[in-house]
file start-v4.cif (mmCIF, C-alpha atoms and all ligand atoms)
data_input
loop_
_atom_site.group_PDB
_atom_site.id
_atom_site.type_symbol
_atom_site.label_atom_id
_atom_site.label_comp_id
_atom_site.auth_asym_id
_atom_site.auth_seq_id
_atom_site.Cartn_x
_atom_site.Cartn_y
_atom_site.Cartn_z
ATOM 1 C CA MET T 1 58.076 78.062 60.819
ATOM 2 C CA ALA T 2 58.754 81.807 60.991
ATOM 3 C CA THR T 3 57.067 83.955 58.416
ATOM 4 C CA GLU T 4 58.822 86.807 56.634
ATOM 5 C CA THR T 5 57.311 89.385 59.028
ATOM 6 C CA GLU T 6 58.391 87.434 62.118
ATOM 7 C CA ARG T 7 61.967 86.988 60.996
ATOM 8 C CA PRO T 8 64.179 89.952 61.863
ATOM 9 C CA THR T 9 65.807 91.485 58.848
ATOM 10 C CA LEU T 10 69.529 92.109 58.735
ATOM 11 C CA GLN T 11 68.882 95.872 58.718
ATOM 12 C CA LYS T 12 66.713 95.604 61.840
ATOM 13 C CA SER T 13 69.376 93.491 63.553
ATOM 14 C CA ILE T 14 72.052 96.083 62.739
ATOM 15 C CA LYS T 15 69.794 98.894 63.997
ATOM 16 C CA ASN T 16 69.237 96.986 67.233
ATOM 17 C CA LEU T 17 72.988 96.493 67.596
ATOM 18 C CA LEU T 18 73.703 100.206 67.040
ATOM 19 C CA ASP T 19 70.944 101.140 69.507
ATOM 20 C CA ASP T 20 72.485 98.780 72.035
ATOM 21 C CA ILE T 21 76.093 99.958 71.726
ATOM 22 C CA SER T 22 75.176 103.664 71.675
ATOM 23 C CA VAL T 23 74.971 103.478 75.483
ATOM 24 C CA PRO T 24 78.374 103.362 77.206
ATOM 25 C CA ARG T 25 78.782 100.077 79.054
ATOM 26 C CA ARG T 26 82.281 100.215 80.473
ATOM 27 C CA LEU T 27 83.201 103.110 82.715
ATOM 28 C CA TYR T 28 86.579 101.910 83.992
ATOM 29 C CA CYS T 29 89.618 100.399 82.264
ATOM 30 C CA SER T 30 89.836 96.647 82.791
ATOM 31 C CA ASP T 31 93.664 96.854 82.789
ATOM 32 C CA CYS T 32 94.451 99.762 85.113
ATOM 33 C CA GLY T 33 91.098 100.753 86.619
ATOM 34 C CA SER T 34 91.239 104.367 85.409
ATOM 35 C CA ALA T 35 88.024 106.068 84.366
ATOM 36 C CA LEU T 36 87.493 105.594 80.631
ATOM 37 C CA LEU T 37 87.073 108.495 78.253
ATOM 38 C CA HIS T 38 84.907 108.214 75.162
ATOM 39 C CA LEU T 39 85.303 109.370 71.594
ATOM 40 C CA GLU T 40 82.068 109.944 69.721
ATOM 41 C CA ALA T 41 81.880 108.082 66.432
ATOM 42 C CA GLN T 42 78.994 108.472 64.042
ATOM 43 C CA PHE T 43 77.594 105.510 62.160
ATOM 44 C CA TRP T 44 75.098 105.610 59.324
ATOM 45 C CA LEU T 45 73.291 102.612 58.002
ATOM 46 C CA PHE T 46 73.272 102.650 54.211
ATOM 47 C CA GLY T 47 69.711 103.006 52.984
ATOM 48 C CA SER T 48 68.536 104.484 56.254
ATOM 49 C CA GLU T 49 68.033 108.094 57.328
ATOM 50 C CA GLN T 50 69.107 107.210 60.837
ATOM 51 C CA ALA T 51 72.522 107.910 62.375
ATOM 52 C CA TRP T 52 73.984 106.796 65.676
ATOM 53 C CA ASN T 53 76.538 108.407 67.952
ATOM 54 C CA ILE T 54 78.562 105.542 69.344
ATOM 55 C CA PRO T 55 80.860 106.254 72.289
ATOM 56 C CA ILE T 56 84.176 104.474 71.719
ATOM 57 C CA PRO T 57 85.837 103.918 75.104
ATOM 58 C CA TYR T 58 89.558 104.393 75.596
ATOM 59 C CA CYS T 59 91.883 104.724 78.541
ATOM 60 C CA SER T 60 94.106 107.821 78.569
ATOM 61 C CA ASN T 61 96.524 105.935 80.827
ATOM 62 C CA CYS T 62 96.883 102.777 78.681
ATOM 63 C CA ASP T 63 96.342 104.515 75.305
ATOM 64 C CA PRO T 64 98.069 107.893 75.682
ATOM 65 C CA ALA T 65 98.450 108.260 71.884
ATOM 66 C CA ILE T 66 94.669 108.259 71.460
ATOM 67 C CA ALA T 67 94.293 110.760 74.283
ATOM 68 C CA GLU T 68 96.965 113.007 72.739
ATOM 69 C CA HIS T 69 95.547 112.943 69.219
ATOM 70 C CA LYS T 70 91.891 112.734 70.243
ATOM 71 C CA GLY T 71 91.141 110.320 67.502
ATOM 72 C CA PHE T 72 91.979 107.130 65.717
ATOM 73 C CA ILE T 73 91.258 105.474 62.420
ATOM 74 C CA ILE T 74 89.337 102.245 62.166
HETATM 75 ZN ZN ZN T 101 93.957 101.683 81.464
#
call {"tool": "encode", "arguments": {"input": "start-v4.cif", "output": "structure tokens", "more": "lines below"}}
Ligand SMILES: [Zn+2]
result
Amino acid sequence: MATETERPTLQKSIKNLLDDISVPRRLYCSDCGSALLHLEAQFWLFGSEQAWNIPIPYCSNCDPAIAEHKGFII
């Protein structure tokens, strides 16, 4: 049985996720093959001093509106 110290906390799991996705994985569009561009989005974890810059990939060929406005709302 896992003890409290062995069990990953939700905050640690979220930090690991943000660490993982802060590195761009996809370089080319899966639909048209064009090189992907990336918007930088900042994420903060409530209760933490740490922030992450997460590159959000988009294709300027398939998503010209994003490329034109250089941003989107999630
Ligand atoms: Zn594309």
call {"tool": "residues_near_ligand", "arguments": {"input": "start-v4.cif", "ligand": "ligand ZN 101 (chain T)", "cutoff": "10 Å", "atoms": "all atoms listed in the file", "output": "JSON, numbers by chain"}}
result
{"T": [28, 29, 30, 31, 32, 33, 34, 35, 36, 58, 59, 60, 61, 62, 63, 64]}
call {"tool": "write_last_selection", "arguments": {"input": "start-v4.cif", "atoms": "C-alpha atoms", "output": "tab-separated table (two decimals), in the frame of the given file"}}
result
chain	number	residue	atom	x	y	z
T	28	TYR	CA	86.58	101.91	83.99
T	29	CYS	CA	89.62	100.40	82.26
T	30	SER	CA	89.84	96.65	82.79
T	31	ASP	CA	93.66	96.85	82.79
T	32	CYS	CA	94.45	99.76	85.11
T	33	GLY	CA	91.10	100.75	86.62
T	34	SER	CA	91.24	104.37	85.41
T	35	ALA	CA	88.02	106.07	84.37
T	36	LEU	CA	87.49	105.59	80.63
T	58	TYR	CA	89.56	104.39	75.60
T	59	CYS	CA	91.88	104.72	78.54
T	60	SER	CA	94.11	107.82	78.57
T	61	ASN	CA	96.52	105.94	80.83
T	62	CYS	CA	96.88	102.78	78.68
T	63	ASP	CA	96.34	104.52	75.31
T	64	PRO	CA	98.07	107.89	75.68
call {"tool": "atom_distance", "arguments": {"input": "start-v4.cif", "atom1": "atom CA of Lys15 of chain T", "atom2": "atom CA of Trp52 of chain T"}}
result
9.1 Å
call {"tool": "closest_residue", "arguments": {"input": "start-v4.cif", "among": "T:Asn53, T:Leu39, T:Ser48, T:His69", "to": "Asp19 of chain T", "atoms": "all atoms listed in the file"}}
result
T:Asn53
call {"tool": "residues_around", "arguments": {"input": "start-v4.cif", "residues": "Ile14 of chain T", "least_positions_apart": "3", "cutoff": "12 Å", "atoms": "all atoms listed in the file", "output": "ChimeraX atom specification"}}
result
/T:8-11,17-21,43-46,48,50-52
call {"tool": "atom_distance", "arguments": {"input": "start-v4.cif", "atom1": "atom CA of Glu68 of chain T", "atom2": "atom CA of Pro24 of chain T"}}
result
21.4 Å
call {"tool": "atom_distance", "arguments": {"input": "start-v4.cif", "atom1": "atom CA of Ala41 of chain T", "atom2": "atom CA of Asn16 of chain T"}}
result
16.8 Å
call {"tool": "resolve_selection", "arguments": {"input": "start-v4.cif", "expression": "the PyMOL selection byres (((chain T and resi 56) around 6) and not hetatm)", "output": "PyMOL selection string"}}
result
chain T and resi 38-39+55+57
call {"tool": "axis_aligned_box", "arguments": {"input": "start-v4.cif", "around": "segment 41-54 of chain T", "padding_each_side": "6 Å", "output": "lines of an AutoDock Vina configuration file"}}
result
center_x = 75.0
center_y = 105.5
center_z = 61.2
size_x = 25.8
size_y = 17.9
size_z = 28.4
call {"tool": "build_atoms", "arguments": {"input": "start-v4.cif", "residues": "segment 31-49 of chain T", "atoms": "N, CA and C atoms", "output": "short mmCIF file (atom, residue, chain, number, x, y, z; two decimals), in the frame of the given file"}}
result
data_model
loop_
_atom_site.label_atom_id
_atom_site.label_comp_id
_atom_site.auth_asym_id
_atom_site.auth_seq_id
_atom_site.Cartn_x
_atom_site.Cartn_y
_atom_site.Cartn_z
N ASP T 31 92.24 97.11 82.54
CA ASP T 31 93.66 96.85 82.79
C ASP T 31 94.19 97.65 83.98
N CYS T 32 93.86 98.95 84.05
CA CYS T 32 94.45 99.76 85.11
C CYS T 32 93.41 100.35 86.07
N GLY T 33 92.15 100.26 85.73
CA GLY T 33 91.10 100.75 86.62
C GLY T 33 90.80 102.23 86.50
N SER T 34 91.50 102.94 85.60
CA SER T 34 91.24 104.37 85.41
C SER T 34 89.87 104.57 84.78
N ALA T 35 89.30 105.74 85.01
CA ALA T 35 88.02 106.07 84.37
C ALA T 35 88.24 106.17 82.86
N LEU T 36 87.37 105.56 82.09
CA LEU T 36 87.49 105.59 80.63
C LEU T 36 86.95 106.91 80.09
N LEU T 37 87.59 107.37 79.02
CA LEU T 37 87.07 108.50 78.25
C LEU T 37 86.41 107.92 77.01
N HIS T 38 85.62 108.72 76.33
CA HIS T 38 84.91 108.21 75.16
C HIS T 38 85.05 109.18 73.99
N LEU T 39 85.35 108.61 72.84
CA LEU T 39 85.30 109.37 71.59
C LEU T 39 83.96 109.10 70.95
N GLU T 40 83.35 110.13 70.40
CA GLU T 40 82.07 109.94 69.72
C GLU T 40 82.32 109.59 68.26
N ALA T 41 81.79 108.49 67.83
CA ALA T 41 81.88 108.08 66.43
C ALA T 41 80.46 108.02 65.87
N GLN T 42 80.32 108.51 64.65
CA GLN T 42 78.99 108.47 64.04
C GLN T 42 78.93 107.33 63.04
N PHE T 43 77.85 106.61 63.08
CA PHE T 43 77.59 105.51 62.16
C PHE T 43 76.28 105.78 61.43
N TRP T 44 76.30 105.54 60.12
CA TRP T 44 75.10 105.61 59.32
C TRP T 44 74.88 104.25 58.70
N LEU T 45 73.64 103.87 58.64
CA LEU T 45 73.29 102.61 58.00
C LEU T 45 72.84 102.92 56.59
N PHE T 46 73.58 102.38 55.61
CA PHE T 46 73.27 102.65 54.21
C PHE T 46 71.81 102.30 53.93
N GLY T 47 71.11 103.23 53.30
CA GLY T 47 69.71 103.01 52.98
C GLY T 47 68.78 103.44 54.09
N SER T 48 69.34 104.02 55.14
CA SER T 48 68.54 104.48 56.25
C SER T 48 68.82 105.96 56.49
N GLU T 49 67.85 106.68 57.00
CA GLU T 49 68.03 108.09 57.33
C GLU T 49 68.62 108.25 58.72
#
